[in-house]
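*Asks:* Would you mind keeping the following structure in view while I ask a few things?
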Amino acid sequence: MRENSARHKSSILSMKTRSAIDGRLDNLLQVQIDEEITYWRNVLKRVVAVVKRLCSRGLAFRGKNEKFGDPHNGNYCMMLELLAELDPFLASHIERFGNQGSGNINYLSKTVCDEFIFLMG
């Protein structure tokens, strides 16, 4: 059997050694993917916290619009803005992605909010 041959074992060991080398393109891409996963999970943790609090109080989510910084944007956006005052990560995210409009991924939209309400319902 091939799996038991010395040459096969040597090749597998060589492959594992080479795959552990830092700076390889696939390792760098995996690091980038892992960082993006962590980033978006952190955004979603904050969104879930806001949805949970608003639901627990039976408060309305939406206002006249959904623009961050507008005084009529509703409780959902207001709570995210409040958290952003104390949370530099969320403040940076809202500044970068907050008012981009539909078609852009930011996980702050009413669609994502509605999905969490449905899932947590």
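Residue names in the structure tokens use chain letters A, B, ... in the order shown, residue numbers from 1 in each chain, and ligand numbers from 1 in the order shown.
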Each residue of segment 16-55 of chain A lying at most 9 Å from segment 73-93 of chain A should get a row with its shortest atom-to-atom pair and the distance in Å to one decimal, counting only C-alpha atoms; could you produce that, ordered by chain and increasing number, as JSON lines?
*Replies:*
```
{"residue": "A:Asn42", "atom": "CA", "partner": "A:Phe89", "partner_atom": "CA", "distance": 8.6}
{"residue": "A:Val43", "atom": "CA", "partner": "A:Leu90", "partner_atom": "CA", "distance": 7.0}
{"residue": "A:Arg46", "atom": "CA", "partner": "A:Leu80", "partner_atom": "CA", "distance": 7.8}
{"residue": "A:Val47", "atom": "CA", "partner": "A:Leu80", "partner_atom": "CA", "distance": 7.5}
{"residue": "A:Val50", "atom": "CA", "partner": "A:Met79", "partner_atom": "CA", "distance": 6.4}
{"residue": "A:Val51", "atom": "CA", "partner": "A:Tyr76", "partner_atom": "CA", "distance": 7.4}
{"residue": "A:Leu54", "atom": "CA", "partner": "A:Tyr76", "partner_atom": "CA", "distance": 7.5}
```
*Asks:* Kindly give the distance, in Å, that separates atom CA of Thr111 of chain A and atom CA of Arg53 of chain A, rounded to a single decimal.
*Replies:*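 Between atom CA of Thr111 of chain A and atom CA of Arg53 of chain A the gap works out to 17.8 Å.
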*Asks:* Considering only C-alpha atoms, return as a list in words whatever protein or nucleic-acid residues lie within 12 Å of Ser102 of chain A, sequence-local ones (same chain, fewer than 5 positions apart) excluded.
*Replies:*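 Counting only the stated atoms, we get Glu66, Lys67, Phe97, Tyr107, Leu108, Ser109, Lys110, Thr111 and Val112 of chain A.
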*Asks:* Based on the selection just made, write C-alpha atoms of those residues as a compact mmCIF listing (two decimals), in the first residue's frame.
*Replies:*
```
# COMPACT_ATOMS: atom_id res chain seq x y z
CA GLU A 66 -32.53 54.98 8.78
CA LYS A 67 -29.72 57.48 8.40
CA PHE A 97 -20.38 51.81 6.33
CA TYR A 107 -25.01 44.47 8.69
CA LEU A 108 -26.71 47.53 10.16
CA SER A 109 -29.68 47.60 7.78
CA LYS A 110 -33.34 47.04 8.53
CA THR A 111 -33.14 43.75 6.61
CA VAL A 112 -30.51 42.32 8.95
```
*Asks:* Just checking: using only C-alpha atoms, which residue out of A:Lys45, A:Lys64, A:His72, A:Arg57 ends up closest to Phe116 of chain A?
*Replies:* A:Lys45
*Asks:* From the set A:Ala6, A:Thr17, A:Asp70, A:Arg41, which residue has the shortest atom-to-atom contact distance to Asn99 of chain A, counting only C-alpha atoms?
*Replies:*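 Closest to Asn99 of chain A, using only C-alpha atoms: A:Asp70.
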*Asks:* Select from chain A everything DSSP, run on the backbone, classes as alpha helix (DSSP H), then give the selection as a PyMOL selection string.
*Replies:* chain A and resi 6-19+25-57+74-86+88-97+110-120
*Asks:* Taking only C-alpha atoms into account, which of A:Ile21, A:Asn65, A:Ile117, A:His8 comes nearest Ala49 of chain A?
*Replies:*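 Of A:Ile21, A:Asn65, A:Ile117, A:His8, the one nearest Ala49 of chain A is A:Ile117, counting only C-alpha atoms.
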*Asks:* Which distance in Å separates atom CA of Asp114 of chain A and atom CA of Gly98 of chain A, to one decimal?
*Replies:*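 Result for atom CA of Asp114 of chain A versus atom CA of Gly98 of chain A: 17.0 Å, one decimal.
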*Asks:* So how far away is atom CA of Asn104 of chain A from atom CA of Phe61 of chain A, in Å?
*Replies:*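 For atom CA of Phe61 of chain A relative to atom CA of Asn104 of chain A, the distance reads 20.8 Å.
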